$ cat entry-v9.cif   # mmCIF, C-alpha atoms and all ligand atoms
data_data
#
loop_
_atom_site.label_atom_id
_atom_site.label_comp_id
_atom_site.auth_asym_id
_atom_site.auth_seq_id
_atom_site.Cartn_x
_atom_site.Cartn_y
_atom_site.Cartn_z
CA MET C 1 0.00 0.00 0.00
CA ALA C 2 1.43 3.36 -0.97
CA ALA C 3 1.48 5.89 1.84
CA PRO C 4 -0.64 8.99 1.26
CA ARG C 5 1.37 12.07 0.37
CA SER C 6 0.91 13.55 3.82
CA TRP C 7 2.51 10.53 5.53
CA ALA C 8 5.28 10.30 3.00
CA LEU C 9 6.14 13.95 3.46
CA TRP C 10 5.64 14.20 7.21
CA GLY C 11 8.99 15.19 8.63
CA ASN C 12 10.74 15.91 5.34
CA CYS C 13 11.32 19.62 5.74
CA GLY C 14 12.43 19.94 9.34
CA ARG C 15 15.66 21.62 10.34
CA GLY C 16 17.84 20.87 13.41
CA TRP C 17 15.70 20.25 16.46
CA SER C 18 12.48 20.01 14.55
CA ARG C 19 13.89 17.54 12.04
CA LEU C 20 15.08 15.18 14.75
CA ILE C 21 11.82 15.42 16.63
CA ARG C 22 9.30 15.00 13.85
CA GLY C 23 8.76 11.28 13.23
CA CYS C 24 7.30 9.54 10.19
CA ARG C 25 3.81 8.16 10.60
CA LEU C 26 3.31 4.55 9.57
CA PRO C 27 0.46 3.50 7.32
CA GLY C 28 -1.80 0.82 8.85
CA LEU C 29 -0.28 -2.52 7.81
CA ARG C 30 -2.11 -5.84 8.07
CA SER C 31 -0.64 -9.32 8.20
CA SER C 32 -2.30 -12.69 7.62
CA TRP C 33 0.73 -14.29 9.28
CA PRO C 34 0.81 -12.93 12.83
CA GLY C 35 2.82 -15.80 14.42
CA SER C 36 5.92 -15.23 12.29
CA PRO C 37 8.70 -12.71 13.07
CA LEU C 38 7.61 -10.73 10.04
CA GLY C 39 3.98 -10.88 11.21
CA ALA C 40 5.00 -9.79 14.71
CA ARG C 41 6.97 -6.88 13.28
CA LEU C 42 4.04 -5.86 11.10
CA LEU C 43 1.68 -6.11 14.05
CA SER C 44 3.90 -3.92 16.17
CA GLN C 45 4.00 -1.43 13.30
CA GLU C 46 0.21 -1.57 13.19
CA LYS C 47 0.08 -0.88 16.93
CA ARG C 48 2.35 2.11 16.41
CA ALA C 49 0.06 3.30 13.64
CA SER C 50 -2.69 3.90 16.22
CA GLU C 51 -0.26 5.82 18.36
CA THR C 52 0.19 9.54 18.11
CA HIS C 53 1.96 12.33 19.91
CA PHE C 54 1.09 14.56 22.77
CA GLY C 55 3.98 16.98 22.53
CA PHE C 56 7.10 14.77 22.55
CA GLU C 57 5.27 11.98 24.38
CA THR C 58 3.95 9.00 22.44
CA VAL C 59 0.38 8.22 23.43
CA SER C 60 -2.51 6.20 22.02
CA GLU C 61 -4.95 8.02 19.78
CA GLU C 62 -7.68 7.40 22.38
CA GLU C 63 -5.62 9.08 25.10
CA LYS C 64 -4.67 12.20 23.17
CA GLY C 65 -8.10 13.86 23.10
CA GLY C 66 -8.45 13.60 26.88
CA LYS C 67 -4.98 15.01 27.48
CA VAL C 68 -5.60 17.97 25.17
CA TYR C 69 -8.94 18.58 26.88
CA GLN C 70 -7.21 18.67 30.27
CA VAL C 71 -4.64 21.20 29.04
CA PHE C 72 -7.24 23.71 27.87
CA GLU C 73 -9.51 23.09 30.83
CA ASN C 74 -6.55 23.97 33.09
CA VAL C 75 -5.41 27.07 31.23
CA ALA C 76 -8.80 28.51 30.14
CA LYS C 77 -8.96 31.28 32.77
CA LYS C 78 -5.36 32.41 32.14
CA TYR C 79 -5.42 31.74 28.39
CA ASP C 80 -5.73 35.34 27.20
CA VAL C 81 -3.20 36.84 29.60
CA MET C 82 -0.72 34.06 28.80
CA ASN C 83 -0.96 34.77 25.09
CA ASP C 84 -0.16 38.43 25.63
CA MET C 85 2.72 37.61 27.95
CA MET C 86 4.27 34.88 25.80
CA SER C 87 4.09 36.80 22.55
CA LEU C 88 4.30 40.35 23.96
CA GLY C 89 0.99 40.97 22.21
CA ILE C 90 2.23 39.78 18.81
CA HIS C 91 -0.52 37.12 18.62
CA ARG C 92 -2.98 40.03 18.24
CA ILE C 93 -1.24 41.20 15.07
CA TRP C 94 -1.26 37.67 13.64
CA LYS C 95 -4.99 37.41 14.31
CA ASP C 96 -5.63 40.84 12.74
CA LEU C 97 -3.70 39.71 9.66
CA LEU C 98 -5.92 36.64 9.42
CA LEU C 99 -8.97 38.92 9.29
CA TRP C 100 -7.40 41.20 6.69
CA LYS C 101 -6.66 38.17 4.55
CA MET C 102 -10.24 36.97 4.93
CA HIS C 103 -11.63 40.44 4.14
CA PRO C 104 -15.20 39.26 4.83
CA PHE C 105 -18.05 40.83 2.90
CA PRO C 106 -21.35 41.78 4.60
CA GLY C 107 -23.43 38.63 4.95
CA THR C 108 -20.45 36.27 5.43
CA GLN C 109 -21.25 33.11 7.39
CA LEU C 110 -18.10 32.18 9.32
CA LEU C 111 -17.34 28.99 11.21
CA ASP C 112 -14.44 29.46 13.66
CA VAL C 113 -13.34 26.01 14.77
CA ALA C 114 -11.29 25.60 17.97
CA GLY C 115 -12.45 29.17 18.53
CA GLY C 116 -11.74 29.04 22.27
CA THR C 117 -12.19 32.37 23.97
CA GLY C 118 -13.45 34.10 20.82
CA ASP C 119 -10.49 36.17 19.59
CA ILE C 120 -11.19 35.46 15.91
CA ALA C 121 -14.97 35.79 16.30
CA PHE C 122 -14.75 39.22 17.97
CA ARG C 123 -12.31 40.46 15.32
CA PHE C 124 -14.69 39.20 12.63
CA LEU C 125 -17.66 41.04 14.16
CA ASN C 126 -15.64 44.28 14.50
CA TYR C 127 -14.44 43.97 10.92
CA VAL C 128 -17.83 43.36 9.31
CA GLN C 129 -19.42 46.04 11.47
CA ALA C 130 -16.81 48.59 10.35
CA GLN C 131 -17.32 47.51 6.72
CA HIS C 132 -21.09 47.76 7.01
CA ARG C 133 -20.97 51.14 8.79
CA GLY C 134 -18.68 52.49 6.05
CA LYS C 135 -21.09 51.26 3.39
CA GLN C 136 -24.08 52.77 5.23
CA LYS C 137 -22.31 56.13 5.54
CA ARG C 138 -21.51 56.20 1.85
CA GLN C 139 -25.13 55.37 1.04
CA LEU C 140 -26.44 58.05 3.41
CA ARG C 141 -24.13 60.65 1.93
CA ALA C 142 -25.42 59.73 -1.52
CA GLN C 143 -29.07 60.23 -0.41
CA GLN C 144 -29.55 63.99 -0.13
CA ASN C 145 -33.07 64.50 1.25
CA LEU C 146 -33.34 62.19 4.28
CA SER C 147 -34.90 63.44 7.53
CA TRP C 148 -32.90 63.21 10.79
CA GLU C 149 -35.28 60.43 11.94
CA GLU C 150 -34.45 58.35 8.89
CA ILE C 151 -30.74 58.87 9.45
CA ALA C 152 -30.99 57.98 13.19
CA GLN C 153 -33.04 54.88 12.29
CA GLN C 154 -30.28 53.63 9.99
CA TYR C 155 -27.70 53.96 12.79
CA GLN C 156 -29.86 52.40 15.51
CA ASN C 157 -30.78 49.19 13.74
CA GLU C 158 -28.31 46.98 15.60
CA GLU C 159 -29.51 43.72 14.04
CA ASP C 160 -28.55 45.10 10.68
CA SER C 161 -25.20 46.56 11.79
CA LEU C 162 -23.48 43.36 10.62
CA GLY C 163 -25.19 43.25 7.24
CA GLY C 164 -26.42 39.70 7.97
CA SER C 165 -22.95 38.35 8.83
CA HIS C 166 -22.72 35.62 11.45
CA VAL C 167 -19.98 33.73 13.26
CA MET C 168 -20.32 30.32 14.84
CA VAL C 169 -17.61 29.54 17.39
CA CYS C 170 -17.09 25.79 17.74
CA ASP C 171 -14.77 24.32 20.36
CA ILE C 172 -14.48 20.97 22.10
CA ASN C 173 -13.74 22.54 25.49
CA LYS C 174 -16.54 23.79 27.76
CA GLU C 175 -14.21 25.92 29.89
CA MET C 176 -12.72 27.77 26.92
CA LEU C 177 -16.23 28.47 25.58
CA LYS C 178 -17.34 29.65 29.03
CA VAL C 179 -14.53 32.22 29.15
CA GLY C 180 -15.38 33.26 25.58
CA LYS C 181 -19.05 33.78 26.41
CA GLN C 182 -18.14 35.84 29.49
CA LYS C 183 -15.89 38.03 27.33
CA ALA C 184 -18.64 38.47 24.73
CA HIS C 185 -21.05 39.55 27.45
CA ALA C 186 -18.55 41.95 29.05
CA GLN C 187 -17.62 43.50 25.70
CA GLY C 188 -21.22 43.87 24.55
CA TYR C 189 -21.33 41.42 21.62
CA LYS C 190 -24.99 40.47 21.40
CA THR C 191 -25.86 39.58 17.82
CA GLY C 192 -24.30 37.65 14.99
CA LEU C 193 -22.54 35.23 17.32
CA ALA C 194 -23.21 31.67 18.53
CA TRP C 195 -21.18 29.20 20.61
CA VAL C 196 -21.27 25.47 19.92
CA LEU C 197 -19.56 22.60 21.67
CA GLY C 198 -18.10 20.33 18.99
CA ASP C 199 -15.16 18.35 17.69
CA ALA C 200 -13.20 19.59 14.66
CA GLU C 201 -13.02 15.96 13.50
CA GLU C 202 -16.79 15.52 13.52
CA LEU C 203 -18.42 18.89 13.10
CA PRO C 204 -22.07 19.14 14.17
CA PHE C 205 -23.08 20.97 10.96
CA ASP C 206 -24.64 20.12 7.61
CA ASP C 207 -22.67 20.04 4.37
CA ASP C 208 -22.12 23.24 2.33
CA LYS C 209 -23.14 25.60 5.12
CA PHE C 210 -20.40 28.24 5.61
CA ASP C 211 -18.62 30.82 3.45
CA VAL C 212 -15.43 30.77 5.49
CA TYR C 213 -13.88 28.26 7.90
CA THR C 214 -11.13 29.48 10.25
CA ILE C 215 -8.99 27.61 12.72
CA ALA C 216 -6.39 29.58 14.71
CA PHE C 217 -3.83 27.75 16.86
CA GLY C 218 -6.28 24.84 16.98
CA ILE C 219 -5.42 22.24 14.35
CA ARG C 220 -2.09 21.37 16.04
CA ASN C 221 -4.09 19.95 18.96
CA VAL C 222 -6.40 17.72 16.93
CA THR C 223 -5.69 13.97 16.91
CA HIS C 224 -6.40 13.35 13.20
CA VAL C 225 -5.51 16.49 11.29
CA ASP C 226 -6.58 14.87 8.00
CA ARG C 227 -10.10 14.25 9.38
CA ALA C 228 -10.40 17.84 10.60
CA LEU C 229 -9.39 19.09 7.14
CA GLN C 230 -11.95 16.82 5.46
CA GLU C 231 -14.63 18.15 7.80
CA ALA C 232 -13.61 21.72 6.96
CA HIS C 233 -14.07 20.89 3.29
CA ARG C 234 -17.45 19.24 3.89
CA VAL C 235 -19.07 22.13 5.78
CA LEU C 236 -17.87 24.85 3.39
CA LYS C 237 -20.11 25.99 0.55
CA PRO C 238 -18.69 25.55 -2.95
CA GLY C 239 -16.50 28.63 -3.39
CA GLY C 240 -15.93 28.78 0.37
CA ARG C 241 -12.55 29.52 1.91
CA PHE C 242 -10.42 27.67 4.45
CA LEU C 243 -8.03 29.79 6.53
CA CYS C 244 -5.68 28.41 9.14
CA LEU C 245 -3.37 30.36 11.44
CA GLU C 246 -0.90 28.00 13.06
CA PHE C 247 2.67 27.74 14.33
CA SER C 248 5.05 26.76 11.60
CA GLN C 249 8.74 26.49 10.82
CA VAL C 250 11.17 29.34 11.40
CA ASN C 251 13.23 29.95 8.27
CA ASN C 252 16.09 32.02 9.71
CA PRO C 253 18.74 29.96 11.60
CA LEU C 254 19.55 32.72 14.10
CA VAL C 255 15.89 33.47 14.87
CA SER C 256 15.32 29.71 15.07
CA ARG C 257 18.00 29.30 17.77
CA LEU C 258 16.71 32.25 19.79
CA TYR C 259 13.15 31.08 19.38
CA ASP C 260 14.06 27.56 20.59
CA LEU C 261 15.84 29.06 23.59
CA TYR C 262 12.91 31.32 24.34
CA SER C 263 10.39 28.50 23.86
CA PHE C 264 12.06 25.92 26.05
CA GLN C 265 13.67 28.18 28.66
CA VAL C 266 11.10 30.95 29.08
CA ILE C 267 7.61 29.81 28.09
CA PRO C 268 7.17 26.95 30.60
CA VAL C 269 8.47 29.31 33.31
CA LEU C 270 5.85 31.90 32.33
CA GLY C 271 3.27 29.10 32.36
CA GLU C 272 4.24 28.15 35.90
CA VAL C 273 4.41 31.71 37.21
CA ILE C 274 1.26 33.08 35.58
CA ALA C 275 -0.99 30.06 35.13
CA GLY C 276 0.53 27.75 37.75
CA ASP C 277 0.92 25.17 35.00
CA TRP C 278 4.35 24.26 33.63
CA LYS C 279 3.22 21.06 31.90
CA SER C 280 0.58 22.66 29.67
CA TYR C 281 3.13 25.16 28.39
CA GLN C 282 5.71 22.45 27.93
CA TYR C 283 3.07 20.72 25.79
CA LEU C 284 2.54 23.96 23.84
CA VAL C 285 6.19 24.33 22.82
CA GLU C 286 6.59 20.62 22.09
CA SER C 287 3.43 20.46 20.00
CA ILE C 288 4.71 23.42 17.96
CA ARG C 289 7.88 21.44 17.07
CA ARG C 290 5.80 18.41 16.11
CA PHE C 291 3.54 20.24 13.69
CA PRO C 292 4.37 19.93 9.96
CA CYS C 293 6.18 22.77 8.21
CA GLN C 294 4.54 25.16 5.72
CA GLU C 295 4.98 22.94 2.61
CA GLU C 296 3.90 19.70 4.31
CA PHE C 297 0.80 21.29 5.73
CA LYS C 298 -0.03 22.80 2.32
CA GLU C 299 0.05 19.27 0.85
CA MET C 300 -2.23 17.98 3.59
CA ILE C 301 -4.75 20.72 2.83
CA GLU C 302 -4.61 19.79 -0.86
CA ASP C 303 -5.12 16.12 0.04
CA ALA C 304 -8.37 17.10 1.77
CA GLY C 305 -9.65 18.45 -1.56
CA PHE C 306 -8.88 22.17 -1.29
CA GLN C 307 -7.63 24.07 -4.31
CA LYS C 308 -5.54 27.18 -4.89
CA VAL C 309 -3.75 26.45 -1.61
CA THR C 310 -1.26 29.12 -0.60
CA TYR C 311 0.47 30.19 2.59
CA GLU C 312 2.15 33.21 4.06
CA SER C 313 4.80 32.95 6.75
CA LEU C 314 4.71 35.62 9.46
CA THR C 315 7.42 36.69 11.94
CA SER C 316 10.14 34.63 10.23
CA GLY C 317 7.83 31.61 10.01
CA ILE C 318 7.00 31.41 13.71
CA VAL C 319 3.45 31.19 12.39
CA ALA C 320 1.88 30.82 8.94
CA ILE C 321 -1.53 31.47 7.46
CA HIS C 322 -2.66 28.79 5.02
CA SER C 323 -5.53 29.45 2.66
CA GLY C 324 -7.47 27.14 0.35
CA PHE C 325 -10.76 27.10 -1.54
CA LYS C 326 -13.48 24.52 -2.00
CA LEU C 327 -14.06 24.78 -5.75
C1 LIG S 401 -1.54 25.08 26.05
O1 LIG S 401 -1.64 25.55 24.75
C2 LIG S 401 -1.73 26.88 24.57
C3 LIG S 401 -1.84 27.77 25.60
C4 LIG S 401 -1.91 29.12 25.35
O2 LIG S 401 -2.03 30.00 26.36
C5 LIG S 401 -1.88 29.58 24.05
C6 LIG S 401 -1.78 28.70 23.00
C7 LIG S 401 -1.74 29.25 21.61
C8 LIG S 401 -0.64 30.25 21.49
C9 LIG S 401 -0.75 31.54 21.07
C10 LIG S 401 -2.01 32.10 20.62
C11 LIG S 401 0.46 32.42 21.05
C12 LIG S 401 1.62 31.90 21.90
C13 LIG S 401 2.88 32.62 21.71
C14 LIG S 401 4.11 32.03 21.65
C15 LIG S 401 4.32 30.58 21.75
C16 LIG S 401 5.32 32.89 21.56
C17 LIG S 401 5.62 33.34 20.19
C18 LIG S 401 6.90 34.05 20.26
C19 LIG S 401 7.17 35.29 19.80
C20 LIG S 401 6.22 36.11 19.05
C21 LIG S 401 8.52 35.84 20.08
C22 LIG S 401 9.57 35.05 19.39
C23 LIG S 401 10.87 35.10 20.06
C24 LIG S 401 12.05 35.05 19.38
C25 LIG S 401 12.18 35.10 17.91
C26 LIG S 401 13.30 34.93 20.08
C27 LIG S 401 13.63 36.16 20.78
C28 LIG S 401 13.92 35.72 22.13
C29 LIG S 401 14.73 36.36 22.94
C30 LIG S 401 15.42 37.60 22.60
C31 LIG S 401 14.94 35.77 24.29
C32 LIG S 401 15.83 34.55 24.16
C33 LIG S 401 15.69 33.74 25.39
C34 LIG S 401 16.71 33.32 26.15
C35 LIG S 401 18.11 33.56 25.81
C36 LIG S 401 16.38 32.59 27.41
C37 LIG S 401 16.66 33.40 28.68
C38 LIG S 401 15.97 34.73 28.70
C39 LIG S 401 15.31 35.26 29.79
C40 LIG S 401 15.14 34.52 31.07
C41 LIG S 401 14.69 36.60 29.68
C42 LIG S 401 13.25 36.48 29.29
C43 LIG S 401 13.02 37.23 28.04
C44 LIG S 401 11.86 37.60 27.57
C45 LIG S 401 10.56 37.35 28.29
C46 LIG S 401 11.87 38.27 26.26
C47 LIG S 401 10.75 37.86 25.34
C48 LIG S 401 11.07 38.38 24.01
C49 LIG S 401 10.23 38.37 22.99
C50 LIG S 401 8.84 37.84 23.10
C51 LIG S 401 10.81 38.86 21.73
C52 LIG S 401 9.87 39.48 20.72
C53 LIG S 401 10.72 39.73 19.55
C54 LIG S 401 10.53 39.31 18.29
C55 LIG S 401 9.20 38.89 17.73
C56 LIG S 401 11.69 39.20 17.39
C57 LIG S 401 -1.72 27.34 23.25
O3 LIG S 401 -1.64 26.46 22.25
C1 LIG S 402 -4.69 27.48 21.46
S1 LIG S 402 -6.41 27.47 21.57
C2 LIG S 402 -6.89 28.53 20.25
C3 LIG S 402 -8.07 29.38 20.60
C4 LIG S 402 -8.40 30.49 19.60
N1 LIG S 402 -8.65 29.97 18.29
C5 LIG S 402 -7.31 31.51 19.56
O1 LIG S 402 -6.73 31.70 18.49
O2 LIG S 402 -7.03 32.13 20.57
C6 LIG S 402 -6.77 25.88 20.95
C7 LIG S 402 -8.23 25.50 21.07
O3 LIG S 402 -8.45 24.30 20.34
C8 LIG S 402 -9.46 23.60 20.99
N2 LIG S 402 -9.48 22.21 20.50
C9 LIG S 402 -8.56 21.25 20.71
N3 LIG S 402 -8.91 20.12 20.09
C10 LIG S 402 -10.10 20.37 19.45
C11 LIG S 402 -10.98 19.60 18.65
N4 LIG S 402 -10.71 18.31 18.34
N5 LIG S 402 -12.10 20.18 18.18
C12 LIG S 402 -12.39 21.46 18.48
N6 LIG S 402 -11.60 22.24 19.24
C13 LIG S 402 -10.46 21.70 19.73
C14 LIG S 402 -9.11 23.76 22.44
O4 LIG S 402 -10.18 23.43 23.29
C15 LIG S 402 -8.70 25.22 22.49
O5 LIG S 402 -9.79 26.04 22.81
#
$ encode --input "entry-v9.cif" --output "structure tokens" --more "lines below"
Ligand SMILES: COc1cc(O)cc(C/C=C(\C)CC/C=C(\C)CC/C=C(\C)CC/C=C(\C)CC/C=C(\C)CC/C=C(\C)CC/C=C(\C)CC/C=C(\C)CC/C=C(\C)CCC=C(C)C)c1O
Ligand SMILES: C[S@@+](CC[C@H](N)C(=O)[O-])C[C@H]1O[C@@H](n2cnc3c(N)ncnc32)[C@H](O)[C@@H]1O
Amino acid sequence: MAAPRSWALWGNCGRGWSRLIRGCRLPGLRSSWPGSPLGARLLSQEKRASETHFGFETVSEEEKGGKVYQVFENVAKKYDVMNDMMSLGIHRIWKDLLLWKMHPFPGTQLLDVAGGTGDIAFRFLNYVQAQHRGKQKRQLRAQQNLSWEEIAQQYQNEEDSLGGSHVMVCDINKEMLKVGKQKAHAQGYKTGLAWVLGDAEELPFDDDKFDVYTIAFGIRNVTHVDRALQEAHRVLKPGGRFLCLEFSQVNNPLVSRLYDLYSFQVIPVLGEVIAGDWKSYQYLVESIRRFPCQEEFKEMIEDAGFQKVTYESLTSGIVAIHSGFKL
């Protein structure tokens, strides 16, 4: 059996640390001759095929979901402050860039998977609201003889302030969603937003439902990335766009060394001091090193059926935004 492209390529573009750490996944092999040495070897390979990684630890596929759940349950309350501390606020710029790339039009139906505490959803609502307000202003300026009541009416219609746009935040973790909902309430987001508990690998939505699918810093945590990508493809309308913001591979050797130092020497310490949780932040930096590089991930997105797949590396490749279309 030939290995799918994503398996064959997994681990082919690493450098230094990352290259040593990223392993090759084995395709599921079956033997009709289990008693023989060859059969035993094939069986042990098969066993390994149902194993995966939780950071640098090898775990069974069944275990991984629970471990990831525990991490985000533990960090949920400190999640936002940790992101600002770890990245000195740079994660905000990356998320803004994701929105600028999306450039949603009024009426866009967005699904934000692994949406956690709502950072992408809130940016989306701000963006479409600003777009819609701009459009309304231009229309009002073009209409010369409106009364002040008619003008006030246009501004007050809050339902319409998004031009029919809507974002569905889907996440597997109750605690992350809880923090997100509290933030939405505190910041006054009332319309155009819904929160759904769900797994990226088995989305609770019909086919061909959304214009845009986003996943920011989420796909790295999913057990079967290929299944999550297939689900993204399924729920998008024809013509719909997939956008993923995720950690990637640093392309400058000096930045790479500093970044490794910073990741392994500083981030778990910040995790312990601020969130009282070293292990979750150790998992974060390890899972970043395990995730495929820009080109490998592009191939995986293509394997899921997306077309016109491109990516842009940001901050020397610390993160990348991948984009693809369901055509
Ligand atoms: C559990 O899973 C998770 C939990 C979460 O809370 C979040 C996530 C998802 C994650 C995010 C949304 C964002 C998370 C952000 C990061 C992982 C960090 C990304 C990093 C950067 C943007 C900065 C990159 C840093 C470098 C290129 C290297 C520069 C580093 C240095 C100059 C320091 C080198 C470190 C040492 C020599 C070790 C000893 C140093 C000290 C003890 C001093 C401590 C120093 C600092 C705190 C300085 C920090 C400096 C920066 C941040 C530099 C910024 C500069 C640039 C961008 C070039 C999740 O999955
Ligand atoms: C690092 S956070 C990202 C949150 C948000 N997108 C952001 O950019 O701040 C990762 C999120 O992925 C979620 N997650 C992990 N595995 C998932 C899965 N299989 N399906 C849906 N969400 C998942 C976690 O619960 C967590 O909220």
$ closest_residue --input "entry-v9.cif" --among "C:Phe54, C:Phe306, C:Phe105, C:Tyr127" --to "ligand LIG 402 (chain S)" --atoms "only C-alpha atoms and all ligand atoms"
C:Phe54
$ residues_around --input "entry-v9.cif" --residues "Glu312 of chain C" --least-positions-apart "4" --cutoff "7 Å" --atoms "all atoms listed in the file" --output "list in words"
Ala320, Ile321 and His322 of chain C
$ residues_near_point --input "entry-v9.cif" --point "(6.0, 31.0, 10.4)" --cutoff "12 Å" --atoms "only C-alpha atoms" --output "JSON, numbers by chain"
{"C": [94, 245, 246, 247, 248, 249, 250, 251, 252, 255, 256, 259, 288, 289, 291, 292, 293, 294, 295, 297, 311, 312, 313, 314, 315, 316, 317, 318, 319, 320, 321, 322]}
$ residues_around --input "entry-v9.cif" --residues "segment 197-210 of chain C" --least-positions-apart "4" --cutoff "12 Å" --atoms "all atoms listed in the file" --output "mmCIF file with C-alpha atoms, keeping the file's coordinate frame"
data_model
loop_
_atom_site.group_PDB
_atom_site.id
_atom_site.type_symbol
_atom_site.label_atom_id
_atom_site.label_comp_id
_atom_site.auth_asym_id
_atom_site.auth_seq_id
_atom_site.Cartn_x
_atom_site.Cartn_y
_atom_site.Cartn_z
ATOM 1 C CA GLY C 65 -8.100 13.860 23.100
ATOM 2 C CA TYR C 69 -8.940 18.580 26.880
ATOM 3 C CA GLY C 107 -23.430 38.630 4.950
ATOM 4 C CA THR C 108 -20.450 36.270 5.430
ATOM 5 C CA GLN C 109 -21.250 33.110 7.390
ATOM 6 C CA LEU C 110 -18.100 32.180 9.320
ATOM 7 C CA LEU C 111 -17.340 28.990 11.210
ATOM 8 C CA ASP C 112 -14.440 29.460 13.660
ATOM 9 C CA VAL C 113 -13.340 26.010 14.770
ATOM 10 C CA ALA C 114 -11.290 25.600 17.970
ATOM 11 C CA GLY C 115 -12.450 29.170 18.530
ATOM 12 C CA GLY C 116 -11.740 29.040 22.270
ATOM 13 C CA SER C 165 -22.950 38.350 8.830
ATOM 14 C CA HIS C 166 -22.720 35.620 11.450
ATOM 15 C CA VAL C 167 -19.980 33.730 13.260
ATOM 16 C CA MET C 168 -20.320 30.320 14.840
ATOM 17 C CA VAL C 169 -17.610 29.540 17.390
ATOM 18 C CA CYS C 170 -17.090 25.790 17.740
ATOM 19 C CA ASP C 171 -14.770 24.320 20.360
ATOM 20 C CA ILE C 172 -14.480 20.970 22.100
ATOM 21 C CA ASN C 173 -13.740 22.540 25.490
ATOM 22 C CA LYS C 174 -16.540 23.790 27.760
ATOM 23 C CA GLU C 175 -14.210 25.920 29.890
ATOM 24 C CA MET C 176 -12.720 27.770 26.920
ATOM 25 C CA LEU C 177 -16.230 28.470 25.580
ATOM 26 C CA LYS C 178 -17.340 29.650 29.030
ATOM 27 C CA THR C 214 -11.130 29.480 10.250
ATOM 28 C CA ILE C 215 -8.990 27.610 12.720
ATOM 29 C CA GLY C 218 -6.280 24.840 16.980
ATOM 30 C CA ILE C 219 -5.420 22.240 14.350
ATOM 31 C CA ARG C 220 -2.090 21.370 16.040
ATOM 32 C CA ASN C 221 -4.090 19.950 18.960
ATOM 33 C CA VAL C 222 -6.400 17.720 16.930
ATOM 34 C CA THR C 223 -5.690 13.970 16.910
ATOM 35 C CA HIS C 224 -6.400 13.350 13.200
ATOM 36 C CA VAL C 225 -5.510 16.490 11.290
ATOM 37 C CA ASP C 226 -6.580 14.870 8.000
ATOM 38 C CA ARG C 227 -10.100 14.250 9.380
ATOM 39 C CA ALA C 228 -10.400 17.840 10.600
ATOM 40 C CA LEU C 229 -9.390 19.090 7.140
ATOM 41 C CA GLN C 230 -11.950 16.820 5.460
ATOM 42 C CA GLU C 231 -14.630 18.150 7.800
ATOM 43 C CA ALA C 232 -13.610 21.720 6.960
ATOM 44 C CA HIS C 233 -14.070 20.890 3.290
ATOM 45 C CA ARG C 234 -17.450 19.240 3.890
ATOM 46 C CA VAL C 235 -19.070 22.130 5.780
ATOM 47 C CA LEU C 236 -17.870 24.850 3.390
ATOM 48 C CA LYS C 237 -20.110 25.990 0.550
ATOM 49 C CA PRO C 238 -18.690 25.550 -2.950
ATOM 50 C CA GLY C 239 -16.500 28.630 -3.390
ATOM 51 C CA GLY C 240 -15.930 28.780 0.370
ATOM 52 C CA ARG C 241 -12.550 29.520 1.910
ATOM 53 C CA PHE C 242 -10.420 27.670 4.450
ATOM 54 C CA LYS C 326 -13.480 24.520 -2.000
ATOM 55 C CA LEU C 327 -14.060 24.780 -5.750
#
$ atom_distance --input "entry-v9.cif" --atom1 "atom C29 of ligand LIG 401 (chain S)" --atom2 "atom CA of Pro268 of chain C"
14.3 Å
$ axis_aligned_box --input "entry-v9.cif" --around "segment 49-60 of chain C" --padding-each-side "5 Å" --output "lines of an AutoDock Vina configuration file"
center_x = 2.2
center_y = 10.1
center_z = 19.0
size_x = 19.8
size_y = 23.7
size_z = 20.7
$ atom_distance --input "entry-v9.cif" --atom1 "atom CA of Asp160 of chain C" --atom2 "atom CA of His132 of chain C"
8.7 Å
$ residues_around --input "entry-v9.cif" --residues "Ala184 of chain C" --least-positions-apart "5" --cutoff "8 Å" --atoms "all atoms listed in the file" --output "list in words"
Gly118, Phe122, Tyr189 and Lys190 of chain C
$ write_last_selection --input "entry-v9.cif" --atoms "C-alpha atoms" --output "PDB file, in the frame of the given file"
ATOM      1  CA  GLY C 118     -13.450  34.100  20.820  1.00  0.00           C
ATOM      2  CA  PHE C 122     -14.750  39.220  17.970  1.00  0.00           C
ATOM      3  CA  TYR C 189     -21.330  41.420  21.620  1.00  0.00           C
ATOM      4  CA  LYS C 190     -24.990  40.470  21.400  1.00  0.00           C
TER       5      LYS C 190
END
$ atom_distance --input "entry-v9.cif" --atom1 "atom N1 of ligand LIG 402 (chain S)" --atom2 "atom CA of Asn74 of chain C"
16.1 Å
$ closest_residue --input "entry-v9.cif" --among "C:Ala275, C:Gly305, C:Ala152, C:Leu254" --to "Lys137 of chain C" --atoms "all atoms listed in the file"
C:Ala152
$ closest_residue --input "entry-v9.cif" --among "C:Ala304, C:Val269, C:Leu140, C:Ala121" --to "ligand LIG 402 (chain S)" --atoms "only C-alpha atoms and all ligand atoms"
C:Ala121
$ closest_residue --input "entry-v9.cif" --among "C:Gly66, C:Gly134, C:Pro253, C:Gly276" --to "ligand LIG 402 (chain S)" --atoms "all atoms listed in the file"
C:Gly66
$ residues_around --input "entry-v9.cif" --residues "Ser60 of chain C" --least-positions-apart "2" --cutoff "7 Å" --atoms "all atoms listed in the file" --output "PyMOL selection string"
chain C and resi 50-52+62-64
$ decode --input "entry-v9.cif" --residues "segment 228-236 of chain C" --atoms "C-alpha atoms" --output "tab-separated table (two decimals), in the first residue's frame"
chain	number	residue	atom	x	y	z
C	228	ALA	CA	-10.40	17.84	10.60
C	229	LEU	CA	-9.39	19.09	7.14
C	230	GLN	CA	-11.95	16.82	5.46
C	231	GLU	CA	-14.63	18.15	7.80
C	232	ALA	CA	-13.61	21.72	6.96
C	233	HIS	CA	-14.07	20.89	3.29
C	234	ARG	CA	-17.45	19.24	3.89
C	235	VAL	CA	-19.07	22.13	5.78
C	236	LEU	CA	-17.87	24.85	3.39
